[in-house]
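*Asks:* Before I ask anything, here is the structure I am working with.
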Amino acid sequence: MDNQNQPLIFELSKKGRTAYSLPALDVPETPLNDMVGEDYLRQDEPNWPEVSELELVRHYMALSKRNFGVDNGFYPLGSCTMKYNPKVNELVARLDGLAHIHPYQDEHSVQGALELLYRLQENLQEITGMDTVTLQPAAGAHGEWTGLMIIRAFHEANGDVKRTKVIVPDTAHGTNPASAAVAGFDTVTVKSDENGLVDLNDLKRVADETTAALMLTNPNTLGLFETNIQEIADIVHAAGGKVYYDGANMNAIMGVTRPGDMGYDVVHLNLHKTFTGPHGGGGPGSGPVGVKAELEPFLPKPLIVKKADGSYGLDDDRPQSIGRVKAFYGNFGINVRAYAYIRTMGGNGLFQVSKDAVLNANYLLKRLTDYFETPFKQLCKHEFVLSGSRQKKLGVRTLDMAKRLLDFGYYPPTIYFPLLVDEALMIEPTETESKETLDAFADHLIAITQEAEENPEIVQEAPHKTVIGRLDETQAARHPILRYAKH
Amino acid sequence: MSQFRYLPVTEEDREEMLKVIGVKSDEDLFSDVPEKIRFKGELKLEPKLSEPELIRFLSGLAKKNVSTSDYPSFLGAGIYDHYIPSVVDSVISRGEFYTAYTPYQAEVSQGELQAIFEFQTLICELTGMEAANSSMYDGSTALAEAALLTSGVTRNKKIIVSETVHPEYRQVLATYAHGRGLDVLTVPSINGSVDLQALEAAVDEQTAGVIVQYPNFFGEIEPLKEVEQITHGAKRAHLIVASNPLSLGLLTPPGAFNADIVVGDCQPLGISESFGGPHCGYFAVSKKLIRKVPGRLVGETVDEQGQRGYVLTLQAREQHIRREKATSNICSNQALNALASSVAMNAFGKKGIRELAEQNIQKAHYAARKLKEEGIRVHAEQSFFNEFIVECGRPVSEVNQALFEEGIIGGYDLGKSYAQLDTKMLVAVTEMRTKDEIDQFAEVLGGIIHG
């Protein structure tokens, strides 16, 4: 990485430079005062920079060199599915007829776009085993909330208004309880058993006539398959609740099993994870939601439909719908990429994806298992969780090992999550990594555990080779500086 | 041999790896999936395509669409055809940016973090606000989250929204409000602007937030000064303003009118229409609300050597720490679109944003004059930015069909969202429309309406 500190773009500004070009105004001018009232005509200028186009390009080139993506190297960030983002996806999403169309154009002039979305819906229905899919939610958490609003509308339509609680496992991602709260529910936690799976007795204790839904990903957040999933679904259904599938971990099970066949009623997918999004430095994502037929009336509107004459259109006439969850029809550009990926892989290809993802994870787990505490002994699925508790006794924290990995050119795993595991390292290699990459990573991580024993300072003081050292987060939070201001 | 270019595991690798794991086959890795729920056979998806076949097929679908590069477009209503400097796509195509995720590990994410910090600054400067977050899904969810925020800080449940706010934004607001148990009261308009008397009657001590759009959905520049006085006349009510960011190059920023929250969508600045998404919601607040903001915030700090750097900060607001007590459930956002918009904003700079905004207002007002010259009724009672209402005297869908046959994408059919405006069209004119295109539009539209 480049060791030069890169100034802020505002610090590069020099009066009189520019990086854009517009044609001269070709219509007769009207005085601005005739068009905008005095109080409403801006007097000051925003302090935006003035730079030339090359300076602008070099600025962002310098910033890009101070950033790390999947294209740079191994990125085993657990629960995020940092797989390769195909280049052809970027190409097709930029096709003029897909990138430069307006959502309010008449349906006849956007048949190709509607057809693409319809085809994607059909494919996702087959992959998940659900009856209908909406592509409107913009990301995973948005999909969670949409799914819960659908469940809420279902209960309300049945007059079942005392169902105010959503059950989440103690290993759940933070978005689960947060989405439940935004949907107006209280959260109840169900415990995990000693094998890292939902404790059935505890589930029986918490599932009752106030239960609206259980949110559960499978494989779960520990990377373990909930083998009792049917019994779990039965318990929740018997209590009158619905079962919600958090699709964060779909990468492990495509073609192996389907949420719809496991007993789930609602599913969201993260197209930016399993279906090669890409992740964009934090987004955009896309979080389609699939439901079983009895919940179909409550899906957000409009839905993309195929009409009797074979054309495609938008169905807005859905009286029981929860309404809109986002303007327009979702993150179309991400949906285009996901569709391109599904067409590239096909049904057997996606099955192979899951098989390879699980193979890679189990292989890496086996390579590391002697060097870390492994809280759960069974096979993992697409990811696994190690504990740094052994190293902690030597004074080396999981955070230190993560920072040390940076020196070897790796993005570290997810750390300190799930909360259940002490000093957790959550590792998800994905299927797009080769055995050589996994071996080299394992060798480096093992070497770090040896450093922890022999030379702990080098780990504790890591990173050593990055453009900047560990940053003072306490100061950042105590005295927030959230914008540049001219000094 | 692998048939898949994204999958590097060879059969030889597989054998070795299975041996290390201590199982015989792939199947054994799924022995924890009960037989009863195993999927049998092959997923019935569309057949797989090679790379050339995929490009050909998707190009075919793309060609079934008429794009705004094919036909001049007078369609806006929240999404616009604008000039996007070429540098934008060049920057966001860098793998270091678009194949990264949320910058959790700051030491190898300084590029993204600094870019977001710059985005936050650009938005603050444009809106006249003190802090901005790293992005929301789009303008509509940013608006809904703003309403939730005001309810959270005031403990009030009443949200007042002008009917001149984008209809789909209001629909999204209604969905979120139902979730959180808020009451939304819609205030009518008068002559295309919020009815100030009705607003004054609606705002009270129970009001959490008042939402207006500036310029509003019809293009009119709402009287923010009066709206602010009415809103802040009530003890706890907060003023939320939704703004097209481009317009703020020319209009007094909402921050100057003491808005508490300013939201909107950055699409007009550097993001393609893309059939409605992905775009980029922005969310800016006054100082007192900083710790209530939804989503990611980037802050400046120093490392052990005192070197300046950037980190995700104030994370105690967020779902991964606070869980059900978080200010929002948002996790993934629209970072790459925020980057695209930042590049565009930096390319325009302080002079460019003004020129761009001025070209929009000039061309829109010229178009309105041309339409009037053609004998078309234009409802532009007060001042407007780059959109205005045109009376078609007949169903807008018919008019748009006739325009389409002449190679023009007409405006938005207001009857879709406002029953009383069923023959009225919302026309948008951006800097992309040439004088010739505007003249032709006026002539053709005149012919259709009078013909």
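Going by the structure tokens order, chains are called A, B, ..., each with residues numbered from 1, while ligands are numbered from 1 in the order shown.
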Excluding range 100-111 of chain B and its own-chain neighbours fewer than 6 positions away, which residues fall within 7 Å of it when counting only C-alpha atoms? Please give them as a list in words.
*Replies:*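 Listed by chain and then number, they are Leu63, Ser64, Arg66, Asn67, Phe68, Gly69, Val70, His279, Gly280, Gly281, Gly282, Thr466, Val467, Ile468, Gly469 and Arg470 of chain A; Tyr310 and Val311 of chain B.
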*Asks:* Please identify all polymer residues within 7 Å of Gly313 in chain A, counting only C-alpha atoms, omitting same-chain residues fewer than 4 positions from it, and present them as a ChimeraX atom specification.
*Replies:* /A:107,114,304-307
*Asks:* Quick one, how far is CA of Leu197 in chain A from CA of Val168 in chain A?
*Replies:*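 According to the coordinates, CA of Leu197 in chain A and CA of Val168 in chain A are separated by 12.4 Å.
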*Asks:* Got a sec: who's within 8 Å of Thr171 in chain A, counting only C-alpha atoms, leaving out chain neighbours fewer than 5 positions off, as an MDAnalysis selection string?
*Replies:* chainID A and resid 192 220:222 418:420
*Asks:* Which parts of range 167-265 of chain A does DSSP call strand (DSSP E) when run on the backbone here, written out as a list in words?
*Replies:*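 Filtering range 167-265 of chain A down to strand (DSSP E) leaves Ile167, Val168, Pro169, Asp186, Thr187, Val188, Thr189, Val190, Thr211, Ala212, Ala213, Leu214, Met215, Leu216, Lys242, Val243, Tyr244, Tyr245, Asp246 and Gly247 of chain A.
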*Asks:* Generate a file of the selected residues that holds N, CA and C atoms, formatted as a PDB file, in the first residue's frame.
*Replies:*
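Printed below is selection-v9.pdb as written:
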ATOM      1  N   ILE A 167     -39.101 -13.974  18.036  1.00  0.00           N
ATOM      2  CA  ILE A 167     -38.054 -14.752  18.708  1.00  0.00           C
ATOM      3  C   ILE A 167     -36.794 -14.732  17.840  1.00  0.00           C
ATOM      4  N   VAL A 168     -35.668 -14.417  18.457  1.00  0.00           N
ATOM      5  CA  VAL A 168     -34.388 -14.502  17.738  1.00  0.00           C
ATOM      6  C   VAL A 168     -33.411 -15.334  18.579  1.00  0.00           C
ATOM      7  N   PRO A 169     -32.553 -16.094  17.931  1.00  0.00           N
ATOM      8  CA  PRO A 169     -31.572 -16.861  18.706  1.00  0.00           C
ATOM      9  C   PRO A 169     -30.498 -15.953  19.301  1.00  0.00           C
ATOM     10  N   ASP A 186     -41.555  -6.629  19.902  1.00  0.00           N
ATOM     11  CA  ASP A 186     -40.573  -6.841  20.964  1.00  0.00           C
ATOM     12  C   ASP A 186     -39.794  -8.105  20.618  1.00  0.00           C
ATOM     13  N   THR A 187     -38.573  -8.174  21.114  1.00  0.00           N
ATOM     14  CA  THR A 187     -37.730  -9.327  20.811  1.00  0.00           C
ATOM     15  C   THR A 187     -37.607 -10.237  22.022  1.00  0.00           C
ATOM     16  N   VAL A 188     -37.684 -11.536  21.765  1.00  0.00           N
ATOM     17  CA  VAL A 188     -37.447 -12.532  22.802  1.00  0.00           C
ATOM     18  C   VAL A 188     -36.275 -13.384  22.316  1.00  0.00           C
ATOM     19  N   THR A 189     -35.355 -13.700  23.220  1.00  0.00           N
ATOM     20  CA  THR A 189     -34.190 -14.470  22.815  1.00  0.00           C
ATOM     21  C   THR A 189     -34.375 -15.945  23.151  1.00  0.00           C
ATOM     22  N   VAL A 190     -34.022 -16.804  22.199  1.00  0.00           N
ATOM     23  CA  VAL A 190     -34.011 -18.238  22.477  1.00  0.00           C
ATOM     24  C   VAL A 190     -32.554 -18.671  22.568  1.00  0.00           C
ATOM     25  N   THR A 211     -46.380 -14.997  20.083  1.00  0.00           N
ATOM     26  CA  THR A 211     -45.287 -15.111  19.107  1.00  0.00           C
ATOM     27  C   THR A 211     -45.771 -14.746  17.702  1.00  0.00           C
ATOM     28  N   ALA A 212     -45.158 -13.760  17.114  1.00  0.00           N
ATOM     29  CA  ALA A 212     -45.461 -13.419  15.716  1.00  0.00           C
ATOM     30  C   ALA A 212     -44.596 -14.246  14.784  1.00  0.00           C
ATOM     31  N   ALA A 213     -43.316 -14.399  15.134  1.00  0.00           N
ATOM     32  CA  ALA A 213     -42.392 -15.095  14.245  1.00  0.00           C
ATOM     33  C   ALA A 213     -41.122 -15.490  14.976  1.00  0.00           C
ATOM     34  N   LEU A 214     -40.449 -16.454  14.396  1.00  0.00           N
ATOM     35  CA  LEU A 214     -39.065 -16.786  14.760  1.00  0.00           C
ATOM     36  C   LEU A 214     -38.196 -16.392  13.578  1.00  0.00           C
ATOM     37  N   MET A 215     -37.087 -15.701  13.843  1.00  0.00           N
ATOM     38  CA  MET A 215     -36.119 -15.381  12.783  1.00  0.00           C
ATOM     39  C   MET A 215     -34.917 -16.295  12.970  1.00  0.00           C
ATOM     40  N   LEU A 216     -34.588 -17.010  11.928  1.00  0.00           N
ATOM     41  CA  LEU A 216     -33.487 -17.967  12.060  1.00  0.00           C
ATOM     42  C   LEU A 216     -32.825 -18.177  10.710  1.00  0.00           C
ATOM     43  N   LYS A 242     -45.016 -17.501  12.608  1.00  0.00           N
ATOM     44  CA  LYS A 242     -44.413 -17.781  11.300  1.00  0.00           C
ATOM     45  C   LYS A 242     -42.900 -17.925  11.466  1.00  0.00           C
ATOM     46  N   VAL A 243     -42.281 -18.602  10.505  1.00  0.00           N
ATOM     47  CA  VAL A 243     -40.846 -18.836  10.594  1.00  0.00           C
ATOM     48  C   VAL A 243     -40.151 -18.071   9.468  1.00  0.00           C
ATOM     49  N   TYR A 244     -39.198 -17.253   9.878  1.00  0.00           N
ATOM     50  CA  TYR A 244     -38.533 -16.323   8.962  1.00  0.00           C
ATOM     51  C   TYR A 244     -37.103 -16.776   8.692  1.00  0.00           C
ATOM     52  N   TYR A 245     -36.749 -16.868   7.409  1.00  0.00           N
ATOM     53  CA  TYR A 245     -35.394 -17.276   7.031  1.00  0.00           C
ATOM     54  C   TYR A 245     -34.542 -16.063   6.695  1.00  0.00           C
ATOM     55  N   ASP A 246     -33.501 -15.863   7.480  1.00  0.00           N
ATOM     56  CA  ASP A 246     -32.522 -14.822   7.182  1.00  0.00           C
ATOM     57  C   ASP A 246     -31.550 -15.411   6.179  1.00  0.00           C
ATOM     58  N   GLY A 247     -31.547 -14.870   4.973  1.00  0.00           N
ATOM     59  CA  GLY A 247     -30.800 -15.466   3.868  1.00  0.00           C
ATOM     60  C   GLY A 247     -29.308 -15.175   3.851  1.00  0.00           C
TER      61      GLY A 247
END
*Asks:* Using only C-alpha atoms, determine which residues lie at most 10 Å from Thr154 in chain B, disregarding the query and same-chain residues fewer than 2 positions distant; provide the list as a PyMOL selection string.
*Replies:* chain B and resi 149-152+156-158+206-209+235-238
*Asks:* Put those residues in a file: C-alpha atoms, as a PDB file, in the first residue's frame.
*Replies:*
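Dumped everything to again.pdb:
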ATOM      1  CA  LEU B 149     -35.922   9.909  14.360  1.00  0.00           C
ATOM      2  CA  THR B 150     -38.149  12.850  15.275  1.00  0.00           C
ATOM      3  CA  SER B 151     -40.581  10.539  16.995  1.00  0.00           C
ATOM      4  CA  GLY B 152     -37.708   8.951  18.908  1.00  0.00           C
ATOM      5  CA  ASN B 156     -44.433  12.197  19.986  1.00  0.00           C
ATOM      6  CA  LYS B 157     -46.246  10.052  17.450  1.00  0.00           C
ATOM      7  CA  LYS B 158     -47.649  12.632  15.047  1.00  0.00           C
ATOM      8  CA  GLN B 206     -48.071  16.376  19.861  1.00  0.00           C
ATOM      9  CA  THR B 207     -46.233  16.865  16.576  1.00  0.00           C
ATOM     10  CA  ALA B 208     -42.913  15.064  16.181  1.00  0.00           C
ATOM     11  CA  GLY B 209     -42.033  16.132  12.650  1.00  0.00           C
ATOM     12  CA  LYS B 235     -42.642  23.212  21.265  1.00  0.00           C
ATOM     13  CA  ARG B 236     -41.189  19.940  20.082  1.00  0.00           C
ATOM     14  CA  ALA B 237     -41.882  19.711  16.361  1.00  0.00           C
ATOM     15  CA  HIS B 238     -38.905  19.134  14.085  1.00  0.00           C
TER      16      HIS B 238
END
*Asks:* Find the residues around range 254-264 of chain A up to 6 Å (only C-alpha atoms counted), leave out those fewer than 3 positions away in its own chain, and share them as a ChimeraX atom specification.
*Replies:* /A:128-130,230,233,243-244,350-351,354 /B:37-39
*Asks:* Go ahead and write the residues just picked, N, CA and C atoms, as a CSV table (one decimal), in the first residue's frame.
*Replies:*
chain,number,residue,atom,x,y,z
A,128,THR,N,-35.3,-20.9,-3.6
A,128,THR,CA,-35.7,-20.8,-2.2
A,128,THR,C,-36.8,-21.7,-1.8
A,129,GLY,N,-37.6,-22.2,-2.9
A,129,GLY,CA,-38.7,-23.0,-2.6
A,129,GLY,C,-39.9,-22.2,-2.1
A,130,MET,N,-39.9,-20.9,-2.5
A,130,MET,CA,-41.1,-20.1,-2.1
A,130,MET,C,-42.0,-19.8,-3.2
A,230,GLN,N,-37.1,-28.8,11.1
A,230,GLN,CA,-38.5,-29.1,10.9
A,230,GLN,C,-39.2,-29.0,12.2
A,233,ALA,N,-39.6,-25.5,13.2
A,233,ALA,CA,-40.7,-24.9,12.5
A,233,ALA,C,-42.1,-25.3,13.1
A,243,VAL,N,-42.3,-18.6,10.5
A,243,VAL,CA,-40.8,-18.8,10.6
A,243,VAL,C,-40.2,-18.1,9.5
A,244,TYR,N,-39.2,-17.3,9.9
A,244,TYR,CA,-38.5,-16.3,9.0
A,244,TYR,C,-37.1,-16.8,8.7
A,350,LEU,N,-25.0,-23.6,-9.2
A,350,LEU,CA,-25.2,-23.1,-7.9
A,350,LEU,C,-25.1,-24.2,-6.8
A,351,PHE,N,-25.5,-25.4,-7.2
A,351,PHE,CA,-25.3,-26.6,-6.3
A,351,PHE,C,-23.7,-26.8,-6.1
A,354,SER,N,-22.3,-24.2,-3.6
A,354,SER,CA,-22.5,-24.5,-2.2
A,354,SER,C,-21.6,-25.7,-1.8
B,37,ILE,N,-35.6,-33.2,4.1
B,37,ILE,CA,-35.6,-31.9,3.5
B,37,ILE,C,-34.5,-31.7,2.4
B,38,ARG,N,-33.8,-32.8,2.1
B,38,ARG,CA,-32.8,-32.7,1.0
B,38,ARG,C,-33.6,-32.4,-0.3
B,39,PHE,N,-33.0,-31.5,-1.1
B,39,PHE,CA,-33.5,-31.2,-2.4
B,39,PHE,C,-33.1,-32.2,-3.4
*Asks:* To one decimal place, how far is CA of Gly97 in chain A from CA of Phe57 in chain B in Å?
*Replies:* 12.6 Å
*Asks:* From the list A:Thr134, A:Ser311, A:Thr274, A:Gln352, which residue is nearest chain B when using only C-alpha atoms?
*Replies:*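 Of A:Thr134, A:Ser311, A:Thr274, A:Gln352, the one nearest chain B is A:Gln352, counting only C-alpha atoms.
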*Asks:* Mind giving me the straight-line distance from CA of Arg478 in chain A to CA of Thr301 in chain B in Å, one decimal?
*Replies:*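 We find that CA of Arg478 in chain A and CA of Thr301 in chain B lie 10.4 Å from each other.
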*Asks:* For Val33 in chain B, list every protein, DNA or RNA residue within 7 Å, evaluated using only C-alpha atoms, and leave out those in the same chain fewer than 3 positions away; present the list as a ChimeraX atom specification.
*Replies:* /A:225,227 /B:30,38
*Asks:* Write out as a VMD selection string each polymer residue whose atoms come within 12 Å of Leu399 in chain A, counting only C-alpha atoms; drop sequence neighbours fewer than 3 positions from it.
*Replies:* (chain A and resid 387 to 389 391 to 392 395 to 396 402 to 406 412 to 417 422 to 425 459 to 463 470) or (chain B and resid 104 to 105)
*Asks:* Can I get the selection written as a compact mmCIF listing (two decimals), in the first residue's frame, with C-alpha atoms?
*Replies:*
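Result written to result23.txt:
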# COMPACT_ATOMS: atom_id res chain seq x y z
CA SER A 387 -12.18 -18.89 19.70
CA GLY A 388 -9.01 -16.97 20.51
CA SER A 389 -9.34 -17.87 24.19
CA GLN A 391 -4.14 -16.92 22.81
CA LYS A 392 -5.93 -14.55 25.19
CA GLY A 395 -2.04 -11.73 26.38
CA VAL A 396 -2.83 -11.74 22.70
CA ALA A 402 -6.77 -9.72 13.15
CA LYS A 403 -4.48 -6.71 12.91
CA ARG A 404 -1.47 -8.99 12.41
CA LEU A 405 -3.22 -10.62 9.46
CA LEU A 406 -3.22 -7.22 7.78
CA PRO A 412 -9.26 -10.30 8.68
CA PRO A 413 -12.24 -12.49 9.54
CA THR A 414 -15.25 -11.11 11.37
CA ILE A 415 -14.23 -10.77 15.01
CA TYR A 416 -16.08 -10.74 18.35
CA PHE A 417 -19.19 -12.12 16.67
CA ASP A 422 -15.26 -15.75 23.63
CA GLU A 423 -12.74 -13.90 21.42
CA ALA A 424 -14.54 -15.13 18.30
CA LEU A 425 -13.04 -15.30 14.83
CA VAL A 459 1.13 -9.37 17.35
CA GLN A 460 -0.01 -6.97 20.05
CA GLU A 461 1.54 -4.03 18.24
CA ALA A 462 0.30 -5.00 14.79
CA PRO A 463 -0.25 -3.87 12.15
CA ARG A 470 -4.35 1.56 15.00
CA TYR B 104 -14.57 -2.34 9.60
CA GLN B 105 -10.77 -2.71 9.50
*Asks:* Pull the alpha helix (DSSP H) assignments for range 248-478 of chain A out of DSSP run on the backbone, and list those residues as a ChimeraX atom specification.
*Replies:* /A:259-262,332-368,389-392,398-407,435-454,456-460,473-478
*Asks:* Go ahead and save the residues from that selection, with C-alpha atoms, as a tab-separated table (two decimals), in the first residue's frame.
*Replies:*
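out-v9.tsv, freshly written:
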chain	number	residue	atom	x	y	z
A	259	PRO	CA	-35.99	-22.76	3.03
A	260	GLY	CA	-39.42	-23.50	1.57
A	261	ASP	CA	-38.88	-27.21	2.13
A	262	MET	CA	-37.50	-26.75	5.65
A	332	PHE	CA	-32.44	-2.79	-10.19
A	333	GLY	CA	-28.73	-2.58	-11.08
A	334	ILE	CA	-27.88	-5.13	-8.38
A	335	ASN	CA	-30.73	-7.36	-9.52
A	336	VAL	CA	-29.31	-7.31	-13.05
A	337	ARG	CA	-25.96	-8.51	-11.72
A	338	ALA	CA	-27.56	-11.29	-9.67
A	339	TYR	CA	-29.52	-12.44	-12.70
A	340	ALA	CA	-26.34	-12.49	-14.80
A	341	TYR	CA	-24.68	-14.61	-12.12
A	342	ILE	CA	-27.54	-17.09	-11.90
A	343	ARG	CA	-27.55	-17.46	-15.69
A	344	THR	CA	-23.78	-17.98	-15.66
A	345	MET	CA	-23.99	-20.77	-13.10
A	346	GLY	CA	-27.30	-22.51	-13.79
A	347	GLY	CA	-28.93	-24.93	-11.33
A	348	ASN	CA	-26.08	-27.44	-11.15
A	349	GLY	CA	-23.58	-24.60	-10.97
A	350	LEU	CA	-25.21	-23.10	-7.89
A	351	PHE	CA	-25.25	-26.57	-6.29
A	352	GLN	CA	-21.52	-26.78	-7.04
A	353	VAL	CA	-21.05	-23.34	-5.50
A	354	SER	CA	-22.53	-24.51	-2.21
A	355	LYS	CA	-20.59	-27.77	-2.26
A	356	ASP	CA	-17.31	-25.94	-2.83
A	357	ALA	CA	-18.10	-23.26	-0.24
A	358	VAL	CA	-18.70	-25.97	2.36
A	359	LEU	CA	-15.65	-27.95	1.25
A	360	ASN	CA	-13.42	-24.88	1.55
A	361	ALA	CA	-14.75	-23.99	4.98
A	362	ASN	CA	-14.35	-27.49	6.37
A	363	TYR	CA	-10.87	-27.79	4.92
A	364	LEU	CA	-9.75	-24.51	6.43
A	365	LEU	CA	-11.34	-25.42	9.76
A	366	LYS	CA	-9.45	-28.71	9.76
A	367	ARG	CA	-6.18	-26.94	8.96
A	368	LEU	CA	-6.66	-24.58	11.93
A	389	SER	CA	-9.34	-17.87	24.19
A	390	ARG	CA	-6.09	-19.89	24.20
A	391	GLN	CA	-4.14	-16.92	22.81
A	392	LYS	CA	-5.93	-14.55	25.19
A	398	THR	CA	-8.34	-11.76	18.76
A	399	LEU	CA	-8.20	-8.12	17.69
A	400	ASP	CA	-4.39	-8.32	17.74
A	401	MET	CA	-4.37	-11.41	15.55
A	402	ALA	CA	-6.77	-9.72	13.15
A	403	LYS	CA	-4.48	-6.71	12.91
A	404	ARG	CA	-1.47	-8.99	12.41
A	405	LEU	CA	-3.22	-10.62	9.46
A	406	LEU	CA	-3.22	-7.22	7.78
A	407	ASP	CA	0.57	-7.36	7.67
A	435	LYS	CA	-6.73	-24.49	-2.10
A	436	GLU	CA	-3.42	-22.64	-2.44
A	437	THR	CA	-4.99	-19.48	-1.03
A	438	LEU	CA	-6.53	-21.39	1.87
A	439	ASP	CA	-3.24	-23.13	2.62
A	440	ALA	CA	-1.27	-19.91	2.60
A	441	PHE	CA	-3.82	-18.23	4.86
A	442	ALA	CA	-3.79	-21.17	7.27
A	443	ASP	CA	0.01	-21.10	7.35
A	444	HIS	CA	0.02	-17.40	8.17
A	445	LEU	CA	-2.61	-17.68	10.86
A	446	ILE	CA	-0.77	-20.62	12.42
A	447	ALA	CA	2.44	-18.59	12.32
A	448	ILE	CA	0.61	-15.81	14.17
A	449	THR	CA	-0.41	-18.26	16.91
A	450	GLN	CA	3.24	-19.20	17.20
A	451	GLU	CA	4.21	-15.54	17.41
A	452	ALA	CA	1.63	-15.20	20.18
A	453	GLU	CA	3.61	-17.74	22.17
A	454	GLU	CA	7.13	-16.69	21.28
A	456	PRO	CA	3.59	-11.65	21.50
A	457	GLU	CA	4.59	-7.99	21.12
A	458	ILE	CA	4.76	-8.31	17.37
A	459	VAL	CA	1.13	-9.37	17.35
A	460	GLN	CA	-0.01	-6.97	20.05
A	473	GLU	CA	-11.62	5.27	18.23
A	474	THR	CA	-12.37	6.62	21.70
A	475	GLN	CA	-11.32	10.10	20.69
A	476	ALA	CA	-13.33	9.82	17.48
A	477	ALA	CA	-16.48	9.05	19.47
A	478	ARG	CA	-15.88	11.47	22.31
*Asks:* Pick from A:Glu433, A:Asp193, A:Asp309, A:Glu156: nearest to chain B, with only C-alpha atoms counted?
*Replies:*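 Counting only C-alpha atoms, the residue closest to chain B is A:Glu433.
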*Asks:* Which one is closest to Val36 in chain A: B:Leu251, B:Ala344, B:Ala402, B:Ile290? Count only C-alpha atoms.
*Replies:*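 Looking at the shortest contact to Val36 in chain A, the residue is B:Leu251.
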